[in-house]
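The file data_9.txt comes next; it holds compact mmCIF, C-alpha atoms.
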# COMPACT_ATOMS: atom_id res chain seq x y z
CA MET O 1 65.97 -39.55 -5.25
CA HIS O 2 63.17 -39.78 -7.75
CA PHE O 3 60.84 -40.84 -4.93
CA LEU O 4 61.81 -37.81 -2.82
CA LYS O 5 61.07 -35.46 -5.73
CA ILE O 6 57.61 -37.02 -6.15
CA MET O 7 56.96 -36.70 -2.40
CA MET O 8 58.06 -33.06 -2.38
CA LYS O 9 55.89 -32.29 -5.41
CA ASN O 10 52.86 -33.94 -3.81
CA GLN O 11 53.50 -32.09 -0.55
CA ILE O 12 53.44 -28.80 -2.42
CA ILE O 13 50.14 -29.78 -4.05
CA ILE O 14 48.67 -30.86 -0.71
CA GLN O 15 49.83 -27.69 1.01
CA ASP O 16 48.35 -25.62 -1.79
CA ILE O 17 44.98 -27.35 -1.32
CA VAL O 18 45.17 -26.78 2.44
CA ASN O 19 45.94 -23.11 1.91
CA GLN O 20 42.96 -22.77 -0.44
CA ILE O 21 40.63 -24.43 2.05
CA ASP O 22 41.85 -22.20 4.87
CA ALA O 23 41.48 -19.06 2.76
CA PRO O 24 38.17 -17.18 3.26
CA LEU O 25 35.65 -18.11 0.62
CA GLU O 26 34.57 -15.42 -1.81
CA GLN O 27 30.78 -15.42 -1.76
CA ALA O 28 29.20 -16.43 -5.07
CA LYS O 29 27.00 -13.83 -6.68
CA SER O 30 23.57 -14.50 -8.16
CA ILE O 31 23.35 -11.08 -9.83
CA ASN O 32 25.77 -9.25 -12.11
CA ALA O 33 25.76 -5.94 -10.24
CA ASN O 34 29.15 -4.25 -9.91
CA ASN O 35 28.07 -1.39 -7.64
CA ASP O 36 25.30 -0.30 -5.30
CA ILE O 37 23.25 1.48 -7.96
CA GLU O 38 23.24 -1.60 -10.21
CA ALA O 39 22.35 -3.82 -7.25
CA ILE O 40 19.39 -1.62 -6.31
CA LYS O 41 18.20 -1.50 -9.93
CA THR O 42 18.26 -5.30 -10.08
CA TRP O 43 16.20 -5.50 -6.89
CA LEU O 44 13.67 -2.99 -8.22
CA LEU O 45 13.17 -5.06 -11.39
CA GLU O 46 11.54 -7.71 -9.20
CA PHE O 47 8.60 -5.29 -8.80
CA LYS O 48 8.25 -4.09 -12.39
CA ASN O 49 4.82 -5.73 -12.69
CA SER O 50 3.54 -3.93 -9.57
CA PRO O 51 3.74 -0.21 -10.51
CA ASN O 52 2.69 1.17 -7.11
CA THR O 53 5.12 -1.04 -5.21
CA PHE O 54 7.90 -0.24 -7.70
CA THR O 55 7.39 3.51 -7.29
CA SER O 56 7.29 3.32 -3.49
CA TYR O 57 10.38 1.09 -3.26
CA ARG O 58 12.31 3.17 -5.78
CA GLN O 59 11.64 6.33 -3.78
CA THR O 60 12.76 4.66 -0.54
CA ALA O 61 15.96 3.23 -2.04
CA GLU O 62 16.73 6.41 -3.96
CA ARG O 63 16.56 8.56 -0.83
CA PHE O 64 18.71 6.12 1.11
CA ILE O 65 21.48 5.77 -1.48
CA MET O 66 21.59 9.55 -1.98
CA TRP O 67 21.98 10.04 1.78
CA LEU O 68 24.70 7.38 1.93
CA MET O 69 26.65 8.98 -0.90
CA GLN O 70 26.30 12.38 0.75
CA SER O 71 27.71 10.79 3.91
CA GLY O 72 30.55 9.06 2.03
CA LEU O 73 29.20 5.57 2.67
CA ASN O 74 28.08 2.58 0.63
CA LEU O 75 25.64 -0.26 1.33
CA LYS O 76 28.32 -2.54 2.79
CA GLN O 77 29.47 0.08 5.29
CA VAL O 78 26.05 0.61 6.92
CA ALA O 79 26.00 -0.28 10.63
CA ARG O 80 23.19 -0.18 13.19
CA GLU O 81 24.36 3.26 14.29
CA THR O 82 24.17 4.44 10.67
CA ILE O 83 20.54 3.38 10.53
CA GLN O 84 19.77 5.40 13.67
CA GLU O 85 21.34 8.46 12.06
CA TYR O 86 19.22 7.87 8.96
CA GLN O 87 16.07 7.56 11.09
CA ASP O 88 16.79 10.96 12.60
CA PHE O 89 17.46 12.35 9.15
CA LEU O 90 14.13 11.06 7.77
CA GLN O 91 12.32 12.85 10.57
CA MET O 92 14.03 16.13 9.71
CA PRO O 93 16.08 16.14 6.45
CA ILE O 94 18.76 18.78 6.83
CA PRO O 95 20.00 20.97 5.30
CA THR O 96 16.35 21.56 4.41
CA ASP O 97 16.99 23.70 1.34
CA PHE O 98 19.10 20.89 -0.15
CA TRP O 99 16.76 17.95 0.58
CA CYS O 100 13.24 19.43 0.69
CA GLY O 101 11.06 21.34 -1.75
CA PRO O 102 7.61 21.46 -3.38
CA ALA O 103 6.49 18.28 -5.14
CA LYS O 104 7.88 18.21 -8.69
CA PRO O 105 8.31 15.51 -11.36
CA ARG O 106 11.55 13.53 -10.92
CA THR O 107 12.68 14.83 -14.31
CA SER O 108 12.42 18.47 -13.19
CA ASN O 109 15.53 20.45 -12.32
CA GLU O 110 13.65 21.69 -9.23
CA TRP O 111 12.89 18.16 -7.96
CA LYS O 112 13.89 17.39 -4.36
CA PRO O 113 13.81 13.98 -2.61
CA PHE O 114 11.49 15.23 0.15
CA VAL O 115 8.66 17.68 0.60
CA LYS O 116 9.13 17.56 4.37
CA GLY O 117 10.18 15.15 7.11
CA LEU O 118 8.38 11.82 7.37
CA SER O 119 5.92 10.63 10.01
CA ALA O 120 6.82 7.83 12.44
CA SER O 121 4.76 5.29 10.49
CA SER O 122 6.38 6.31 7.18
CA ILE O 123 9.85 6.04 8.71
CA LYS O 124 9.03 2.58 10.00
CA LEU O 125 7.85 1.52 6.54
CA ASN O 126 11.01 2.93 4.95
CA LEU O 127 13.21 0.90 7.26
CA GLN O 128 11.20 -2.25 6.57
CA ILE O 129 11.62 -1.77 2.82
CA LEU O 130 15.37 -1.19 3.20
CA GLY O 131 15.60 -4.31 5.35
CA SER O 132 13.98 -6.25 2.50
CA LEU O 133 16.47 -4.72 0.07
CA TYR O 134 19.39 -5.84 2.22
CA GLN O 135 18.01 -9.36 2.61
CA TYR O 136 17.58 -9.63 -1.16
CA LEU O 137 21.16 -8.52 -1.77
CA ILE O 138 22.39 -11.01 0.84
CA ASP O 139 20.54 -13.81 -0.93
CA ALA O 140 22.04 -12.57 -4.19
CA GLY O 141 25.57 -12.72 -2.74
CA TYR O 142 26.14 -8.98 -3.08
CA LEU O 143 26.07 -8.26 0.68
CA ASN O 144 26.91 -10.47 3.64
CA ARG O 145 24.99 -8.88 6.54
CA ASN O 146 21.74 -7.06 7.25
CA PRO O 147 22.03 -4.41 9.99
CA PHE O 148 18.31 -3.64 9.66
CA ARG O 149 17.54 -6.95 11.39
CA LEU O 150 18.94 -5.48 14.61
CA ILE O 151 16.11 -2.94 14.82
CA ARG O 152 13.78 -3.55 17.74
CA SER O 153 10.59 -1.63 16.95
CA LYS O 154 8.73 -0.09 19.87
CA ILE O 155 5.52 0.19 17.84
CA LYS O 156 3.12 -2.65 18.54
CA THR O 157 2.16 -4.58 15.43
CA ASN O 158 -1.21 -5.71 16.75
CA GLN O 159 -2.70 -2.27 17.11
CA ALA O 160 -6.22 -1.94 15.75
CA VAL O 161 -6.74 -0.02 12.53
CA GLU O 162 -8.27 3.38 13.32
CA ARG O 163 -8.55 4.89 9.83
CA PHE O 164 -12.14 3.96 9.14
CA LEU O 165 -15.57 5.56 9.11
CA THR O 166 -18.27 4.71 11.61
CA HIS O 167 -21.64 3.61 10.27
CA ARG O 168 -22.99 7.11 10.95
CA GLU O 169 -20.12 8.78 9.07
CA TRP O 170 -20.61 6.45 6.12
CA GLN O 171 -24.31 7.36 6.15
CA TYR O 172 -23.36 11.04 6.08
CA LEU O 173 -21.35 10.43 2.90
CA GLN O 174 -24.15 8.53 1.19
CA GLU O 175 -26.67 11.26 2.00
CA TYR O 176 -24.35 14.01 0.81
CA ILE O 177 -23.69 12.26 -2.51
CA GLU O 178 -27.44 11.85 -3.09
CA GLN O 179 -27.83 15.64 -2.75
CA MET O 180 -25.35 16.41 -5.56
CA PRO O 181 -26.85 18.56 -8.37
CA ARG O 182 -28.30 16.68 -11.38
CA THR O 183 -29.67 19.35 -13.72
CA THR O 184 -27.35 18.90 -16.72
CA PRO O 185 -26.08 15.73 -18.45
CA LYS O 186 -22.57 16.43 -17.11
CA GLU O 187 -23.84 16.86 -13.52
CA ILE O 188 -25.82 13.63 -13.83
CA PHE O 189 -22.66 11.86 -15.05
CA GLU O 190 -20.57 13.24 -12.16
CA HIS O 191 -23.22 12.31 -9.59
CA GLU O 192 -23.60 8.75 -10.88
CA ARG O 193 -19.85 8.27 -11.17
CA THR O 194 -19.24 9.59 -7.64
CA ARG O 195 -21.98 7.36 -6.24
CA TRP O 196 -20.50 4.36 -8.06
CA ILE O 197 -16.93 5.11 -6.89
CA PHE O 198 -17.85 5.20 -3.20
CA ASN O 199 -20.09 2.13 -3.43
CA LEU O 200 -17.53 0.17 -5.43
CA LEU O 201 -14.67 0.85 -3.02
CA TYR O 202 -16.78 0.36 0.10
CA LEU O 203 -18.68 -2.77 -0.95
CA THR O 204 -15.61 -4.55 -2.37
CA GLY O 205 -12.83 -3.29 -0.10
CA CYS O 206 -10.71 -2.88 -3.23
CA ARG O 207 -7.51 -0.89 -3.36
CA ARG O 208 -7.37 2.13 -5.64
CA SER O 209 -5.06 0.41 -8.12
CA GLU O 210 -7.30 -2.64 -8.28
CA VAL O 211 -10.38 -0.75 -9.50
CA ILE O 212 -8.38 1.42 -11.90
CA ASN O 213 -6.84 -1.60 -13.63
CA ALA O 214 -10.04 -3.71 -13.69
CA THR O 215 -12.57 -3.80 -16.53
CA MET O 216 -16.29 -4.57 -16.74
CA ALA O 217 -15.35 -8.04 -18.00
CA ASP O 218 -13.87 -8.72 -14.56
CA PHE O 219 -17.41 -9.02 -13.23
CA ILE O 220 -18.12 -12.70 -13.78
CA ASN O 221 -21.16 -14.89 -13.20
CA LYS O 222 -20.68 -18.49 -12.20
CA ARG O 223 -23.23 -20.83 -10.62
CA ASN O 224 -25.68 -17.89 -10.59
CA GLN O 225 -23.28 -15.91 -8.40
CA TRP O 226 -21.62 -12.62 -9.34
CA TRP O 227 -17.94 -12.15 -8.50
CA LEU O 228 -15.37 -9.44 -9.17
CA LYS O 229 -11.93 -10.62 -10.29
CA VAL O 230 -9.01 -8.45 -9.13
CA ILE O 231 -5.25 -8.51 -9.41
CA GLY O 232 -4.06 -7.13 -6.10
CA LYS O 233 -0.86 -6.33 -4.27
CA GLY O 234 2.06 -8.45 -5.43
CA ASN O 235 0.07 -9.59 -8.49
CA LYS O 236 -2.10 -11.70 -6.19
CA TYR O 237 -5.30 -12.90 -7.86
CA GLY O 238 -8.55 -12.71 -5.95
CA GLU O 239 -12.31 -12.99 -6.42
CA ILE O 240 -14.68 -10.82 -4.35
CA PRO O 241 -18.34 -11.72 -3.80
CA VAL O 242 -20.68 -9.16 -5.38
CA THR O 243 -23.41 -8.32 -2.87
CA ASN O 244 -26.96 -7.45 -3.89
CA GLU O 245 -26.27 -3.82 -3.00
CA LEU O 246 -23.16 -3.72 -5.18
CA LEU O 247 -24.96 -5.42 -8.08
CA SER O 248 -27.76 -2.84 -7.86
CA ALA O 249 -25.17 -0.03 -7.82
CA LEU O 250 -23.44 -1.57 -10.85
CA ILE O 251 -26.70 -1.82 -12.83
CA ARG O 252 -27.60 1.77 -11.95
CA TYR O 253 -24.18 3.06 -13.03
CA ARG O 254 -24.25 1.10 -16.29
CA LYS O 255 -27.73 2.43 -17.13
CA ALA O 256 -26.52 5.98 -16.48
CA MET O 257 -23.58 5.32 -18.81
CA LYS O 258 -25.99 4.05 -21.51
CA LEU O 259 -24.83 0.43 -21.16
CA SER O 260 -26.79 -2.78 -20.79
CA ASP O 261 -27.76 -3.80 -17.27
CA TYR O 262 -25.19 -6.57 -16.87
CA PRO O 263 -21.52 -6.66 -17.86
CA SER O 264 -20.30 -8.96 -20.62
CA PRO O 265 -17.14 -11.11 -20.80
CA LEU O 266 -16.40 -9.22 -24.03
CA GLU O 267 -16.06 -5.86 -22.22
CA THR O 268 -12.35 -6.35 -21.70
CA THR O 269 -11.46 -2.75 -22.57
CA LEU O 270 -14.37 -1.07 -20.79
CA PRO O 271 -13.13 0.38 -17.46
CA LEU O 272 -15.02 0.13 -14.19
CA ILE O 273 -14.92 3.93 -13.82
CA PHE O 274 -14.99 6.34 -16.78
CA SER O 275 -12.51 9.22 -16.82
CA LYS O 276 -14.94 12.00 -17.75
CA TYR O 277 -18.23 12.84 -19.38
CA GLY O 278 -18.38 11.48 -22.93
CA ASN O 279 -15.15 9.50 -22.51
CA GLN O 280 -14.98 5.78 -21.81
CA LYS O 281 -11.28 5.79 -20.95
CA PRO O 282 -10.32 4.61 -17.42
CA ILE O 283 -10.11 7.16 -14.64
CA SER O 284 -6.59 8.01 -13.51
CA ASP O 285 -5.20 7.23 -10.08
CA SER O 286 -4.87 10.92 -9.21
CA MET O 287 -8.36 11.82 -10.43
CA LEU O 288 -9.95 9.06 -8.34
CA TYR O 289 -8.09 10.33 -5.29
CA LYS O 290 -9.12 13.94 -5.98
CA ILE O 291 -12.82 13.04 -6.33
CA ILE O 292 -12.85 11.27 -2.97
CA LYS O 293 -10.93 14.05 -1.22
CA ALA O 294 -13.16 16.77 -2.72
CA ILE O 295 -16.39 15.09 -1.61
CA CYS O 296 -15.06 14.43 1.89
CA ASN O 297 -13.70 17.96 2.31
CA GLU O 298 -17.01 19.48 1.19
CA LEU O 299 -18.97 17.29 3.60
CA ALA O 300 -16.53 17.98 6.46
CA ALA O 301 -17.06 21.74 6.00
CA ILE O 302 -20.84 21.27 6.24
CA LEU O 303 -20.57 19.12 9.39
CA GLN O 304 -18.30 21.52 11.29
CA LEU O 305 -21.14 23.12 13.22
CA THR O 306 -23.49 20.16 13.70
CA ASP O 307 -21.01 17.29 14.22
CA PRO O 308 -17.43 18.57 14.61
CA ALA O 309 -16.07 15.15 15.61
CA SER O 310 -17.32 13.52 12.41
CA SER O 311 -16.19 16.57 10.43
CA TYR O 312 -12.64 16.10 11.72
CA VAL O 313 -12.62 12.43 10.76
CA ILE O 314 -14.18 12.82 7.31
CA ALA O 315 -11.75 15.62 6.41
CA ARG O 316 -8.90 13.12 6.81
CA VAL O 317 -10.44 10.44 4.58
CA SER O 318 -8.40 9.12 1.67
CA THR O 319 -9.14 6.30 -0.78
CA HIS O 320 -7.65 3.63 1.47
CA TRP O 321 -9.98 4.61 4.31
CA LEU O 322 -12.84 3.05 2.31
CA ARG O 323 -10.99 -0.27 2.27
CA HIS O 324 -10.51 -0.06 6.06
CA THR O 325 -14.16 0.94 6.45
CA SER O 326 -15.31 -2.01 4.35
CA ALA O 327 -13.26 -4.45 6.42
CA THR O 328 -14.46 -2.97 9.71
CA HIS O 329 -18.11 -3.00 8.69
CA GLN O 330 -17.85 -6.57 7.40
CA VAL O 331 -16.54 -7.65 10.79
CA ASP O 332 -19.24 -5.59 12.53
CA ALA O 333 -21.86 -7.39 10.42
CA GLY O 334 -20.78 -10.68 11.95
CA ILE O 335 -18.99 -12.13 8.91
CA ASP O 336 -16.48 -14.79 9.93
CA ILE O 337 -13.01 -13.22 10.24
CA ARG O 338 -11.60 -15.88 7.89
CA VAL O 339 -14.13 -14.90 5.22
CA VAL O 340 -13.23 -11.22 5.63
CA LYS O 341 -9.58 -12.21 5.23
CA GLU O 342 -10.35 -13.78 1.85
CA ASN O 343 -12.52 -10.85 0.78
CA LEU O 344 -9.69 -8.43 1.55
CA ARG O 345 -7.05 -10.80 0.10
CA HIS O 346 -4.88 -10.58 3.21
CA SER O 347 -1.97 -13.00 3.41
CA MET O 348 -2.20 -13.31 7.18
CA LEU O 349 -5.19 -13.60 9.48
CA GLU O 350 -3.46 -11.28 11.98
CA THR O 351 -3.81 -8.41 9.49
CA THR O 352 -7.57 -8.90 9.26
CA MET O 353 -7.93 -9.21 13.03
CA LYS O 354 -6.89 -5.56 13.38
CA TYR O 355 -10.39 -4.65 12.21
CA GLN O 356 -12.03 -6.28 15.23
CA HIS O 357 -13.05 -3.37 17.45
CA THR O 358 -15.75 -5.17 19.45
CA GLU O 359 -13.51 -6.00 22.39
CA ALA O 360 -12.43 -2.37 22.81
CA ASP O 361 -16.02 -1.16 22.47
CA SER O 362 -17.20 -3.60 25.13
CA ARG O 363 -14.39 -2.56 27.47
CA TYR O 364 -15.31 1.10 27.00
CA ASP O 365 -19.05 0.52 27.60
CA GLU O 366 -18.36 -1.61 30.67
CA THR O 367 -16.07 1.02 32.20
CA ILE O 368 -18.32 4.00 31.42
CA SER O 369 -21.47 2.32 32.73
CA LYS O 370 -19.95 1.14 36.02
CA PHE O 371 -17.15 3.54 36.94
CA GLY O 372 -16.59 7.28 37.20
CA ASN O 373 -20.08 8.23 36.09
CA LYS O 374 -21.25 10.21 39.11
CA SER O 375 -22.46 13.70 38.28
CA LYS O 376 -20.81 16.60 40.08

Is it possible to express this structure as structure tokens?
Amino acid sequence: MHFLKIMMKNQIIIQDIVNQIDAPLEQAKSINANNDIEAIKTWLLEFKNSPNTFTSYRQTAERFIMWLMQSGLNLKQVARETIQEYQDFLQMPIPTDFWCGPAKPRTSNEWKPFVKGLSASSIKLNLQILGSLYQYLIDAGYLNRNPFRLIRSKIKTNQAVERFLTHREWQYLQEYIEQMPRTTPKEIFEHERTRWIFNLLYLTGCRRSEVINATMADFINKRNQWWLKVIGKGNKYGEIPVTNELLSALIRYRKAMKLSDYPSPLETTLPLIFSKYGNQKPISDSMLYKIIKAICNELAAILQLTDPASSYVIARVSTHWLRHTSATHQVDAGIDIRVVKENLRHSMLETTMKYQHTEADSRYDETISKFGNKSK
């Protein structure tokens, strides 16, 4: 009798273990988030040391979670069809008066998530960022599937970069800057600063954030070679060779700013670009952008009659165009593509290869010279 009781007790224990094994496992969490907002905030903290990335990712996630809440959904309920609906929404956010409005600070009562619908490339980037968010939350145990991985993009990823200036257009810019007025100390400052900005961005291929956050002490000399240290995208450290042309531009700018010819390791608080005349504080991100746009718009207006094609291109130039132009011109100069990759701090060679336009140029020249060139 005693034996039977022991057997029955053990059977209950065994059955209980079997039942527990058969029961679906509850996925372990690696974050303490209790809701979607907390989960997104945890993900965003991963980018707190990359301000530009943080701002871009926050905007993307913020728009998405607002749209989901408006639709009565949460992150776990998103299906592939939901993503398609969101793609359509990004192209045309409706009702417009609810979602769109003039650009305002996020703290303003008049702030709206959108100014207008997004372009195809911006929509694609948004979906890629959200896919990264989902994968992070899967790894963290908060979600168990990523519907964004089902997207089959129709946009080719190996398309050549087209947002760059030709050598002639770059020459136009240099000539225009040299013609800037220099009659007063302030005009001399603005001319020298503008000249330095364009040369710095073009000859280094730096991103806007990289030059804003760098100091004169980041120019270093080792083994009789000058290099520029930068902290790039994703806090990636890089060193860029300083060409003779860039070194000459640096010396000229420093002389104009009443500094010694060469930078010192002690100049850790001296910015690469001064904010304004009589002020050695670093230039802001928005001011740097405005200077480049103003110069390009002025030049584009002048070129409308003599070279309308170049005028159209130059009017579209933004800061990042100078990085693309630098990469393209480095490749054109015959620099090994692997060296250009290191100069631009690209993670993948395929990214750098987008700046190779020689094959397309040769194909164009071959076709034009041998086909369809009979005069009427």

Query raised in the report: Using all atoms listed in the file, which residue out of O:Phe54, O:Tyr134, O:Thr60, O:Ile220 lies closest to Ser122 of chain O?
Result: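 Checking each candidate against Ser122 of chain O, we get O:Thr60 as the closest.
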
Report task. Determine, counting only C-alpha atoms, every residue of protein, DNA or RNA that lies within 12 Å of (21.0, -8.6, 1.0) in the file coordinates, then give the result as a PyMOL selection string. Result -> chain O and resi 29-31+36+39-40+42-43+75-76+129-149

**Report entry** Top pick for closest residue to Gly234 of chain O, considering O:Glu85, O:Glu210, O:Asp261, O:Glu110 and counting only C-alpha atoms
**Finding:** O:Glu210

Query raised in the report: Between O:Thr82, O:Thr269, O:Asn126, O:Ser311, which is the closest to Glu298 of chain O once you count only C-alpha atoms?
Result: O:Ser311

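Across the model, the gap from atom CA of Tyr176 of chain O to atom CA of Asn213 of chain O is 27.5 Å.
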
Report summary line: note - atom CA of Ile295 of chain O and atom CA of Ile212 of chain O are separated by 18.9 Å

Report task. Could you tell me how far atom CA of Ile302 of chain O lies from atom CA of Phe274 of chain O, in Å and to one decimal? Result ->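 Atom CA of Phe274 of chain O lies at a distance of 28.1 Å from atom CA of Ile302 of chain O.
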
Requested in this report: Using all atoms listed in the file, give me every residue within 10 Å of (-18.5, -14.1, -8.4) in file coordinates, as a ChimeraX atom specification.
Outcome: /O:218-229,239-243

Taking only C-alpha atoms into account, produce a table as a Markdown table in which each residue of segment 248-276 of chain O with an atom at most 12 Å from an atom of segment 187-208 of chain O appears once, together with its shortest atom pair and the distance in Å to one decimal, ordered by chain and rising number.
| residue | atom | partner | partner_atom | distance |
| --- | --- | --- | --- | --- |
| O:Ser248 | CA | O:Asn199 | CA | 10.2 |
| O:Ala249 | CA | O:Trp196 | CA | 6.4 |
| O:Leu250 | CA | O:Trp196 | CA | 7.2 |
| O:Ile251 | CA | O:Trp196 | CA | 10.0 |
| O:Arg252 | CA | O:Glu192 | CA | 8.1 |
| O:Tyr253 | CA | O:Glu192 | CA | 6.1 |
| O:Arg254 | CA | O:Glu192 | CA | 9.4 |
| O:Lys255 | CA | O:Glu192 | CA | 9.8 |
| O:Ala256 | CA | O:Glu192 | CA | 6.9 |
| O:Met257 | CA | O:Phe189 | CA | 7.6 |
| O:Lys258 | CA | O:Phe189 | CA | 10.7 |
| O:Leu272 | CA | O:Ile197 | CA | 9.0 |
| O:Ile273 | CA | O:Arg193 | CA | 7.1 |
| O:Phe274 | CA | O:Arg193 | CA | 7.7 |
| O:Ser275 | CA | O:Arg193 | CA | 9.3 |
| O:Lys276 | CA | O:Glu190 | CA | 8.0 |

Report summary line: Using only C-alpha atoms, the shortest atom-to-atom distance to Ile83 of chain O among O:Ala309, O:Val317, O:Ala120, O:Leu150 belongs to O:Leu150

How big is the axis-aligned box around the listed atoms of segment 331-348 of chain O once 5 Å is added on each side, and where is its centre? Give both in Å to one decimal, as lines of an AutoDock Vina configuration file.
center_x = -11.9
center_y = -10.7
center_z = 6.3
size_x = 29.9
size_y = 20.3
size_z = 22.4

So which residues touch Trp321 of chain O within 7 Å, counting all atoms listed in the file, skipping near sequence neighbours fewer than 4 positions away, as a short mmCIF file (atom, residue, chain, number, x, y, z; two decimals) with C-alpha atoms, in the coordinates of the input?
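The resulting around-v4.cif:
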data_model
loop_
_atom_site.label_atom_id
_atom_site.label_comp_id
_atom_site.auth_asym_id
_atom_site.auth_seq_id
_atom_site.Cartn_x
_atom_site.Cartn_y
_atom_site.Cartn_z
CA ARG O 163 -8.55 4.89 9.83
CA PHE O 164 -12.14 3.96 9.14
CA VAL O 317 -10.44 10.44 4.58
CA THR O 325 -14.16 0.94 6.45
#
